[in-house]
>>> print(open('target.txt').read())   # compact mmCIF, C-alpha atoms and all ligand atoms
# COMPACT_ATOMS: atom_id res chain seq x y z
CA MET G 1 0.00 0.00 0.00
CA VAL G 2 2.68 2.49 1.03
CA GLN G 3 4.81 1.81 -2.07
CA GLU G 4 1.78 2.38 -4.32
CA LEU G 5 0.86 5.62 -2.55
CA LYS G 6 4.43 6.88 -2.80
CA ALA G 7 4.68 5.87 -6.47
CA ASP G 8 1.52 7.93 -6.98
CA GLY G 9 3.36 10.96 -5.55
CA LYS G 10 1.57 10.79 -2.19
CA THR G 11 3.31 11.24 1.15
CA VAL G 12 2.84 8.72 3.95
CA ALA G 13 3.06 9.46 7.66
CA LEU G 14 3.84 6.96 10.39
CA ILE G 15 2.63 7.74 13.89
CA PRO G 16 4.16 5.21 16.27
CA THR G 17 2.27 4.89 19.58
CA MET G 18 1.99 2.60 22.55
CA GLY G 19 -1.78 3.05 22.60
CA ALA G 20 -3.89 4.45 25.47
CA LEU G 21 -4.39 7.29 23.05
CA HIS G 22 -5.18 10.86 24.07
CA GLU G 23 -5.50 14.25 22.37
CA GLY G 24 -1.72 14.50 22.14
CA HIS G 25 -1.57 11.45 19.85
CA LEU G 26 -4.56 12.66 17.87
CA SER G 27 -2.90 16.04 17.36
CA LEU G 28 -0.04 14.19 15.62
CA VAL G 29 -2.62 12.65 13.29
CA GLY G 30 -4.08 16.13 12.71
CA GLN G 31 -0.66 17.56 11.85
CA ALA G 32 0.07 14.75 9.40
CA LEU G 33 -3.33 15.10 7.71
CA GLY G 34 -2.82 18.87 7.60
CA ARG G 35 0.35 18.28 5.54
CA GLY G 36 -1.57 16.05 3.18
CA ASP G 37 -0.06 12.76 4.37
CA THR G 38 -1.86 9.44 4.26
CA VAL G 39 -1.57 8.32 7.88
CA VAL G 40 -0.51 4.94 9.20
CA ALA G 41 -0.47 4.53 13.00
CA SER G 42 1.05 1.75 15.05
CA VAL G 43 -0.20 0.61 18.44
CA PHE G 44 2.34 -1.55 20.24
CA VAL G 45 3.38 -1.55 23.89
CA ASN G 46 7.05 -2.29 23.30
CA PRO G 47 8.26 -4.50 26.16
CA VAL G 48 11.96 -4.02 25.41
CA GLN G 49 11.88 -0.29 26.17
CA PHE G 50 10.62 -0.81 29.74
CA ASN G 51 13.41 -1.11 32.26
CA ASN G 52 10.91 -1.77 35.04
CA ALA G 53 8.59 -4.78 34.99
CA ALA G 54 5.91 -3.07 37.11
CA ASP G 55 5.82 -0.13 34.69
CA LEU G 56 5.19 -2.51 31.77
CA GLU G 57 2.58 -4.40 33.77
CA THR G 58 0.61 -1.29 34.71
CA TYR G 59 0.99 0.54 31.39
CA PRO G 60 -2.59 1.53 30.37
CA ARG G 61 -4.04 -0.44 27.44
CA ASN G 62 -7.28 0.06 25.57
CA GLU G 63 -6.93 -1.21 22.00
CA GLU G 64 -10.59 -1.16 20.96
CA ALA G 65 -11.01 2.47 22.03
CA ASP G 66 -7.67 3.30 20.35
CA PHE G 67 -8.77 1.83 17.02
CA GLU G 68 -11.99 3.82 17.12
CA LYS G 69 -10.18 7.06 17.95
CA LEU G 70 -7.72 6.50 15.09
CA ARG G 71 -10.51 5.68 12.64
CA ASN G 72 -12.45 8.80 13.65
CA ALA G 73 -9.32 10.91 13.37
CA GLY G 74 -8.82 9.90 9.72
CA VAL G 75 -6.06 7.30 9.98
CA THR G 76 -5.96 5.03 6.90
CA ALA G 77 -4.27 1.97 8.42
CA VAL G 78 -3.41 0.76 11.91
CA PHE G 79 -0.61 -1.71 12.60
CA ALA G 80 -1.10 -3.42 15.98
CA PRO G 81 1.22 -6.42 16.05
CA SER G 82 1.58 -8.92 18.88
CA VAL G 83 4.82 -9.17 20.87
CA SER G 84 5.67 -12.50 19.17
CA GLU G 85 5.22 -10.99 15.70
CA ILE G 86 7.74 -8.28 16.50
CA TYR G 87 10.11 -10.39 18.60
CA PRO G 88 9.71 -13.99 17.31
CA GLU G 89 12.93 -15.01 19.07
CA GLY G 90 11.63 -13.66 22.37
CA THR G 91 12.36 -10.35 24.01
CA ASP G 92 15.46 -11.70 25.80
CA ALA G 93 17.20 -12.92 22.62
CA PRO G 94 20.38 -11.04 21.60
CA ALA G 95 19.43 -7.69 20.09
CA PRO G 96 21.15 -5.23 17.78
CA VAL G 97 23.03 -2.45 19.56
CA PHE G 98 22.39 1.02 18.15
CA ASP G 99 24.91 3.82 18.12
CA LEU G 100 22.82 6.53 19.75
CA GLY G 101 25.63 8.88 20.75
CA GLU G 102 25.74 11.34 23.61
CA VAL G 103 22.09 12.41 23.29
CA ALA G 104 21.08 9.01 24.69
CA GLU G 105 23.53 8.97 27.61
CA VAL G 106 22.00 11.69 29.80
CA MET G 107 18.65 12.06 31.62
CA GLU G 108 16.33 9.19 30.55
CA GLY G 109 19.41 7.33 29.31
CA ARG G 110 20.94 7.50 32.79
CA TYR G 111 17.78 6.77 34.78
CA ARG G 112 16.27 4.16 32.44
CA PRO G 113 19.14 1.92 31.31
CA GLY G 114 18.32 0.17 28.03
CA HIS G 115 15.25 2.31 27.40
CA PHE G 116 16.54 4.11 24.33
CA GLN G 117 18.04 0.93 22.84
CA GLY G 118 14.51 -0.52 23.07
CA VAL G 119 12.96 2.59 21.52
CA ALA G 120 15.54 2.57 18.69
CA ARG G 121 14.88 -1.12 18.09
CA ILE G 122 11.12 -0.81 17.65
CA VAL G 123 11.15 2.53 15.83
CA SER G 124 13.79 1.33 13.35
CA MET G 125 11.74 -1.82 12.71
CA LEU G 126 8.54 0.17 12.17
CA LEU G 127 10.27 2.64 9.87
CA ARG G 128 11.76 -0.21 7.81
CA MET G 129 8.42 -2.03 7.62
CA VAL G 130 6.23 0.96 6.75
CA GLU G 131 8.79 3.10 4.86
CA PRO G 132 6.94 6.36 5.55
CA THR G 133 7.89 9.73 4.11
CA ARG G 134 7.62 11.26 7.59
CA ALA G 135 7.26 10.02 11.17
CA TYR G 136 5.63 12.21 13.83
CA PHE G 137 6.54 12.36 17.53
CA GLY G 138 5.37 14.54 20.43
CA GLU G 139 7.81 16.93 22.10
CA LYS G 140 6.84 15.77 25.58
CA ASP G 141 9.42 13.06 24.91
CA PHE G 142 11.97 15.69 23.94
CA GLN G 143 15.02 13.46 24.35
CA GLN G 144 13.35 10.59 22.49
CA ILE G 145 13.09 12.77 19.37
CA ALA G 146 16.82 13.57 19.48
CA VAL G 147 17.63 9.88 19.94
CA ILE G 148 15.38 8.84 17.05
CA ARG G 149 16.92 11.48 14.78
CA ARG G 150 20.36 10.16 15.63
CA MET G 151 19.23 6.56 15.07
CA THR G 152 17.79 7.32 11.61
CA GLN G 153 21.08 9.01 10.64
CA THR G 154 23.38 6.22 11.84
CA GLU G 155 21.08 3.52 10.42
CA GLY G 156 20.69 5.37 7.09
CA ILE G 157 16.88 5.39 7.28
CA ASP G 158 15.48 7.94 4.86
CA VAL G 159 12.60 9.59 6.71
CA GLU G 160 11.73 13.06 7.93
CA ILE G 161 11.27 13.15 11.71
CA VAL G 162 8.60 15.71 12.59
CA SER G 163 8.44 16.96 16.16
CA CYS G 164 5.07 18.29 17.35
CA PRO G 165 4.28 20.62 20.26
CA ILE G 166 3.23 19.19 23.63
CA LYS G 167 -0.54 18.99 24.16
CA ARG G 168 -1.65 20.02 27.63
CA ALA G 169 -4.81 19.70 29.68
CA VAL G 170 -6.51 23.03 30.45
CA ASP G 171 -4.72 23.12 33.80
CA GLY G 172 -1.33 22.73 32.06
CA LEU G 173 -0.53 19.08 32.76
CA ALA G 174 1.21 17.57 29.72
CA LEU G 175 -1.04 14.90 28.23
CA SER G 176 0.37 11.42 28.78
CA SER G 177 -1.06 7.92 28.76
CA ARG G 178 0.34 7.59 32.28
CA ASN G 179 -1.94 10.39 33.58
CA ALA G 180 -4.70 7.75 33.71
CA LEU G 181 -2.74 6.08 36.53
CA LEU G 182 -2.86 9.17 38.80
CA SER G 183 -5.21 9.17 41.79
CA ASP G 184 -7.60 12.13 42.07
CA SER G 185 -5.36 13.85 44.59
CA GLN G 186 -2.21 13.26 42.50
CA ARG G 187 -4.02 14.53 39.40
CA ALA G 188 -4.92 17.68 41.35
CA VAL G 189 -1.29 18.48 42.26
CA ALA G 190 0.37 17.33 39.01
CA PRO G 191 -0.35 20.60 37.10
CA GLY G 192 2.07 22.20 39.59
CA ILE G 193 4.88 20.68 37.50
CA TYR G 194 4.12 22.82 34.46
CA ARG G 195 3.08 25.83 36.58
CA ASN G 196 6.56 25.91 38.10
CA LEU G 197 8.31 25.27 34.78
CA LYS G 198 6.37 28.10 33.14
CA TYR G 199 7.09 30.50 35.97
CA SER G 200 10.78 29.63 35.80
CA VAL G 201 11.11 31.01 32.25
CA GLN G 202 10.54 34.52 33.62
CA TYR G 203 12.81 33.75 36.60
CA SER G 204 15.57 32.66 34.20
CA ARG G 205 15.79 36.23 32.82
CA ASP G 206 17.69 37.39 35.92
CA HIS G 207 18.84 34.20 37.64
CA SER G 208 21.56 31.69 36.92
CA VAL G 209 21.00 28.22 35.47
CA ALA G 210 21.85 26.70 38.87
CA ALA G 211 19.35 28.99 40.65
CA VAL G 212 16.58 28.06 38.21
CA ARG G 213 17.38 24.36 38.55
CA ASP G 214 17.34 24.49 42.36
CA THR G 215 14.22 26.69 42.63
CA VAL G 216 12.16 24.52 40.28
CA THR G 217 13.34 21.31 41.94
CA GLU G 218 12.54 22.58 45.45
CA ALA G 219 9.11 23.91 44.43
CA ILE G 220 8.08 20.67 42.74
CA ASP G 221 9.52 18.49 45.50
CA ALA G 222 7.31 20.50 47.87
CA LEU G 223 4.13 19.43 46.04
CA GLU G 224 2.32 16.70 47.92
CA ASP G 225 3.37 13.17 46.87
CA CYS G 226 5.78 14.54 44.23
CA ARG G 227 9.50 13.82 43.91
CA VAL G 228 11.75 15.19 41.20
CA GLU G 229 13.90 12.43 39.73
CA TYR G 230 15.96 14.86 37.66
CA PHE G 231 15.65 18.36 36.31
CA GLU G 232 18.35 19.15 33.77
CA ILE G 233 18.81 22.38 31.85
CA VAL G 234 20.43 21.36 28.59
CA ASP G 235 21.59 22.40 25.15
CA GLY G 236 18.49 21.60 23.08
CA ILE G 237 20.59 19.99 20.34
CA THR G 238 23.29 18.01 22.17
CA LEU G 239 21.19 17.50 25.35
CA GLN G 240 24.29 18.08 27.47
CA PRO G 241 23.79 20.20 30.61
CA VAL G 242 24.63 23.90 30.33
CA GLY G 243 26.20 25.96 33.11
CA SER G 244 25.13 29.39 31.84
CA TRP G 245 22.49 30.91 29.59
CA ASP G 246 25.02 31.98 26.97
CA GLU G 247 26.51 28.51 26.61
CA ALA G 248 24.08 27.47 23.84
CA PRO G 249 21.60 29.30 21.58
CA TYR G 250 18.83 26.78 22.25
CA ILE G 251 18.21 25.78 25.89
CA VAL G 252 15.56 23.44 27.28
CA GLY G 253 14.74 22.24 30.79
CA CYS G 254 13.77 18.55 31.00
CA ILE G 255 12.12 17.16 34.10
CA THR G 256 10.96 13.82 35.43
CA VAL G 257 8.75 13.72 38.49
CA TYR G 258 7.33 10.81 40.42
CA CYS G 259 3.76 11.58 41.49
CA GLY G 260 3.37 8.70 43.90
CA LYS G 261 4.49 5.77 41.74
CA VAL G 262 3.55 7.44 38.44
CA ARG G 263 6.50 8.76 36.47
CA LEU G 264 5.67 11.96 34.57
CA ILE G 265 7.93 13.86 32.19
CA ASP G 266 7.72 17.38 30.84
CA ASN G 267 9.98 20.09 29.45
CA ILE G 268 10.16 23.81 28.89
CA THR G 269 12.10 25.97 26.44
CA TYR G 270 14.22 28.70 28.07
CA ARG G 271 15.92 29.94 24.92
CA PRO G 272 14.13 29.04 21.68
CA LEU G 273 15.73 27.61 18.60
CA LYS G 274 16.11 30.36 16.00
CA ASP G 275 16.00 29.52 12.26
O1 LIG G 301 6.70 7.50 22.60
C1 LIG G 301 6.21 6.35 22.57
O2 LIG G 301 5.02 6.15 22.76
C2 LIG G 301 7.14 5.18 22.31
O3 LIG G 301 8.38 5.38 22.88
C3 LIG G 301 7.26 4.84 20.82
C4 LIG G 301 7.93 5.96 20.04
C5 LIG G 301 5.89 4.55 20.22
C6 LIG G 301 8.13 3.58 20.63
O4 LIG G 301 7.57 2.48 21.28
>>> encode(input="target.txt", output="structure tokens", more="lines below")
Ligand code: PAF
Amino acid sequence: MVQELKADGKTVALIPTMGALHEGHLSLVGQALGRGDTVVASVFVNPVQFNNAADLETYPRNEEADFEKLRNAGVTAVFAPSVSEIYPEGTDAPAPVFDLGEVAEVMEGRYRPGHFQGVARIVSMLLRMVEPTRAYFGEKDFQQIAVIRRMTQTEGIDVEIVSCPIKRAVDGLALSSRNALLSDSQRAVAPGIYRNLKYSVQYSRDHSVAAVRDTVTEAIDALEDCRVEYFEIVDGITLQPVGSWDEAPYIVGCITVYCGKVRLIDNITYRPLKD
């Protein structure tokens, strides 16, 4: 199907997901349709990118509802393979090792060993199977996009990686499949993550990188049931930490917070990327 569409001069989008779809995923579909792409979505909870068995076990799943949302959103085809279709040798069999460079070593790479190798493995397989013109990813997973870009370069996969703005609930919480796991009281405090990130952009005008990092971390740690795992202020291209605001033209703060047992990630741009 994809080859025929492309031979006809059409562009094809792949939207890889792990299901439990929300408006953030559907906005990726909207962006792809808006560019005139025929959209293929995948729904696959990829076991090899989970470094924590409980996280995989509790990951929200709702395939029937996902299929309906994708159909209503205008997706042409959905690929929802089983684990044994993707990993016929089993998930513990020897796996390729991807050269993901320094962008994969920090933050999620440090706190979730093996995570990005698992992401690279599934995304490279999906890209090779579907051969899309473009693949769309949400910027909530800011580091993931950098890692996938690197992977497509080192693997020689010819695809445009499109990064799409974070979708937020009206109270500012970044939409995530994991939000469904929050208790009512955790859901009520979780918007404090973005509130503090947003406030810190103004604060960064006359405070050092270290002061911003410490202030945000303390404020979010003070929210009930919340614990910051890391908050790094990094060069938005290399993802390496910066020590001052003039160290890189593009600077982003990336945070991971445990709300109870639920791990939430978010990010904020301090100095935007200029064309
Ligand atoms: O961002 C996700 O949902 C996953 O990491 C992805 C890209 C679908 C790969 O499993």
>>> residues_near_ligand(input="target.txt", ligand="ligand LIG 301 (chain G)", cutoff="8 Å", atoms="all atoms listed in the file", output="PyMOL selection string")
chain G and resi 15-19+42-46+49+118-120+122-123+137-138+141+144
>>> residues_near_point(input="target.txt", point="(2.1, 12.3, 3.2)", cutoff="12 Å", atoms="all atoms listed in the file", output="ChimeraX atom specification")
/G:2,5-15,29-40,75-76,131-136,159-160,162
>>> write_last_selection(input="target.txt", atoms="C-alpha atoms", output="short mmCIF file (atom, residue, chain, number, x, y, z; two decimals), keeping the file's coordinate frame")
data_model
loop_
_atom_site.label_atom_id
_atom_site.label_comp_id
_atom_site.auth_asym_id
_atom_site.auth_seq_id
_atom_site.Cartn_x
_atom_site.Cartn_y
_atom_site.Cartn_z
CA VAL G 2 2.68 2.49 1.03
CA LEU G 5 0.86 5.62 -2.55
CA LYS G 6 4.43 6.88 -2.80
CA ALA G 7 4.68 5.87 -6.47
CA ASP G 8 1.52 7.93 -6.98
CA GLY G 9 3.36 10.96 -5.55
CA LYS G 10 1.57 10.79 -2.19
CA THR G 11 3.31 11.24 1.15
CA VAL G 12 2.84 8.72 3.95
CA ALA G 13 3.06 9.46 7.66
CA LEU G 14 3.84 6.96 10.39
CA ILE G 15 2.63 7.74 13.89
CA VAL G 29 -2.62 12.65 13.29
CA GLY G 30 -4.08 16.13 12.71
CA GLN G 31 -0.66 17.56 11.85
CA ALA G 32 0.07 14.75 9.40
CA LEU G 33 -3.33 15.10 7.71
CA GLY G 34 -2.82 18.87 7.60
CA ARG G 35 0.35 18.28 5.54
CA GLY G 36 -1.57 16.05 3.18
CA ASP G 37 -0.06 12.76 4.37
CA THR G 38 -1.86 9.44 4.26
CA VAL G 39 -1.57 8.32 7.88
CA VAL G 40 -0.51 4.94 9.20
CA VAL G 75 -6.06 7.30 9.98
CA THR G 76 -5.96 5.03 6.90
CA GLU G 131 8.79 3.10 4.86
CA PRO G 132 6.94 6.36 5.55
CA THR G 133 7.89 9.73 4.11
CA ARG G 134 7.62 11.26 7.59
CA ALA G 135 7.26 10.02 11.17
CA TYR G 136 5.63 12.21 13.83
CA VAL G 159 12.60 9.59 6.71
CA GLU G 160 11.73 13.06 7.93
CA VAL G 162 8.60 15.71 12.59
#
>>> closest_residue(input="target.txt", among="G:Glu155, G:Val209, G:Glu229, G:Val216", to="G:Gly260", atoms="all atoms listed in the file")
G:Glu229
>>> atom_distance(input="target.txt", atom1="atom CA of G:Glu139", atom2="atom CA of G:Met1")
28.9 Å
>>> residues_around(input="target.txt", residues="stretch 244-251 of chain G", least_positions_apart="5", cutoff="7 Å", atoms="only C-alpha atoms", output="PDB file with C-alpha atoms, keeping the file's coordinate frame")
ATOM      1  CA  SER G 208      21.560  31.690  36.920  1.00  0.00           C
ATOM      2  CA  VAL G 209      21.000  28.220  35.470  1.00  0.00           C
ATOM      3  CA  ILE G 233      18.810  22.380  31.850  1.00  0.00           C
ATOM      4  CA  VAL G 234      20.430  21.360  28.590  1.00  0.00           C
ATOM      5  CA  ASP G 235      21.590  22.400  25.150  1.00  0.00           C
ATOM      6  CA  GLY G 236      18.490  21.600  23.080  1.00  0.00           C
ATOM      7  CA  THR G 269      12.100  25.970  26.440  1.00  0.00           C
ATOM      8  CA  TYR G 270      14.220  28.700  28.070  1.00  0.00           C
ATOM      9  CA  ARG G 271      15.920  29.940  24.920  1.00  0.00           C
ATOM     10  CA  PRO G 272      14.130  29.040  21.680  1.00  0.00           C
ATOM     11  CA  LEU G 273      15.730  27.610  18.600  1.00  0.00           C
TER      12      LEU G 273
END
>>> residues_near_point(input="target.txt", point="(5.1, 18.5, 33.6)", cutoff="7 Å", atoms="only C-alpha atoms", output="list of chain:residue names")
G:Leu173, G:Ala174, G:Pro191, G:Ile193, G:Tyr194, G:Leu264, G:Ile265, G:Asp266, G:Asn267
>>> atom_distance(input="target.txt", atom1="atom CA of G:His115", atom2="atom CA of G:Leu70")
26.4 Å
>>> residues_around(input="target.txt", residues="G:Ser183", least_positions_apart="6", cutoff="12 Å", atoms="only C-alpha atoms", output="JSON, numbers by chain")
{"G": [189, 190, 225, 259, 260, 261, 262]}
>>> write_last_selection(input="target.txt", atoms="C-alpha atoms", output="PDB file, in the coordinates of the input")
ATOM      1  CA  VAL G 189      -1.290  18.480  42.260  1.00  0.00           C
ATOM      2  CA  ALA G 190       0.370  17.330  39.010  1.00  0.00           C
ATOM      3  CA  ASP G 225       3.370  13.170  46.870  1.00  0.00           C
ATOM      4  CA  CYS G 259       3.760  11.580  41.490  1.00  0.00           C
ATOM      5  CA  GLY G 260       3.370   8.700  43.900  1.00  0.00           C
ATOM      6  CA  LYS G 261       4.490   5.770  41.740  1.00  0.00           C
ATOM      7  CA  VAL G 262       3.550   7.440  38.440  1.00  0.00           C
TER       8      VAL G 262
END
>>> closest_residue(input="target.txt", among="G:Cys164, G:Leu175, G:Ile268, G:Ile255", to="G:Gln202", atoms="only C-alpha atoms")
G:Ile268
>>> atom_distance(input="target.txt", atom1="atom CA of G:Pro241", atom2="atom CA of G:Phe142")
14.3 Å
>>> closest_residue(input="target.txt", among="G:Glu108, G:Glu23, G:Glu85, G:Asp99", to="G:Asn51", atoms="all atoms listed in the file")
G:Glu108
>>> decode(input="target.txt", residues="stretch 88-159 of chain G", atoms="C-alpha atoms", output="CSV table (one decimal), in the first residue's frame")
chain,number,residue,atom,x,y,z
G,88,PRO,CA,9.7,-14.0,17.3
G,89,GLU,CA,12.9,-15.0,19.1
G,90,GLY,CA,11.6,-13.7,22.4
G,91,THR,CA,12.4,-10.4,24.0
G,92,ASP,CA,15.5,-11.7,25.8
G,93,ALA,CA,17.2,-12.9,22.6
G,94,PRO,CA,20.4,-11.0,21.6
G,95,ALA,CA,19.4,-7.7,20.1
G,96,PRO,CA,21.2,-5.2,17.8
G,97,VAL,CA,23.0,-2.5,19.6
G,98,PHE,CA,22.4,1.0,18.1
G,99,ASP,CA,24.9,3.8,18.1
G,100,LEU,CA,22.8,6.5,19.7
G,101,GLY,CA,25.6,8.9,20.7
G,102,GLU,CA,25.7,11.3,23.6
G,103,VAL,CA,22.1,12.4,23.3
G,104,ALA,CA,21.1,9.0,24.7
G,105,GLU,CA,23.5,9.0,27.6
G,106,VAL,CA,22.0,11.7,29.8
G,107,MET,CA,18.6,12.1,31.6
G,108,GLU,CA,16.3,9.2,30.5
G,109,GLY,CA,19.4,7.3,29.3
G,110,ARG,CA,20.9,7.5,32.8
G,111,TYR,CA,17.8,6.8,34.8
G,112,ARG,CA,16.3,4.2,32.4
G,113,PRO,CA,19.1,1.9,31.3
G,114,GLY,CA,18.3,0.2,28.0
G,115,HIS,CA,15.2,2.3,27.4
G,116,PHE,CA,16.5,4.1,24.3
G,117,GLN,CA,18.0,0.9,22.8
G,118,GLY,CA,14.5,-0.5,23.1
G,119,VAL,CA,13.0,2.6,21.5
G,120,ALA,CA,15.5,2.6,18.7
G,121,ARG,CA,14.9,-1.1,18.1
G,122,ILE,CA,11.1,-0.8,17.6
G,123,VAL,CA,11.1,2.5,15.8
G,124,SER,CA,13.8,1.3,13.3
G,125,MET,CA,11.7,-1.8,12.7
G,126,LEU,CA,8.5,0.2,12.2
G,127,LEU,CA,10.3,2.6,9.9
G,128,ARG,CA,11.8,-0.2,7.8
G,129,MET,CA,8.4,-2.0,7.6
G,130,VAL,CA,6.2,1.0,6.8
G,131,GLU,CA,8.8,3.1,4.9
G,132,PRO,CA,6.9,6.4,5.5
G,133,THR,CA,7.9,9.7,4.1
G,134,ARG,CA,7.6,11.3,7.6
G,135,ALA,CA,7.3,10.0,11.2
G,136,TYR,CA,5.6,12.2,13.8
G,137,PHE,CA,6.5,12.4,17.5
G,138,GLY,CA,5.4,14.5,20.4
G,139,GLU,CA,7.8,16.9,22.1
G,140,LYS,CA,6.8,15.8,25.6
G,141,ASP,CA,9.4,13.1,24.9
G,142,PHE,CA,12.0,15.7,23.9
G,143,GLN,CA,15.0,13.5,24.4
G,144,GLN,CA,13.4,10.6,22.5
G,145,ILE,CA,13.1,12.8,19.4
G,146,ALA,CA,16.8,13.6,19.5
G,147,VAL,CA,17.6,9.9,19.9
G,148,ILE,CA,15.4,8.8,17.0
G,149,ARG,CA,16.9,11.5,14.8
G,150,ARG,CA,20.4,10.2,15.6
G,151,MET,CA,19.2,6.6,15.1
G,152,THR,CA,17.8,7.3,11.6
G,153,GLN,CA,21.1,9.0,10.6
G,154,THR,CA,23.4,6.2,11.8
G,155,GLU,CA,21.1,3.5,10.4
G,156,GLY,CA,20.7,5.4,7.1
G,157,ILE,CA,16.9,5.4,7.3
G,158,ASP,CA,15.5,7.9,4.9
G,159,VAL,CA,12.6,9.6,6.7
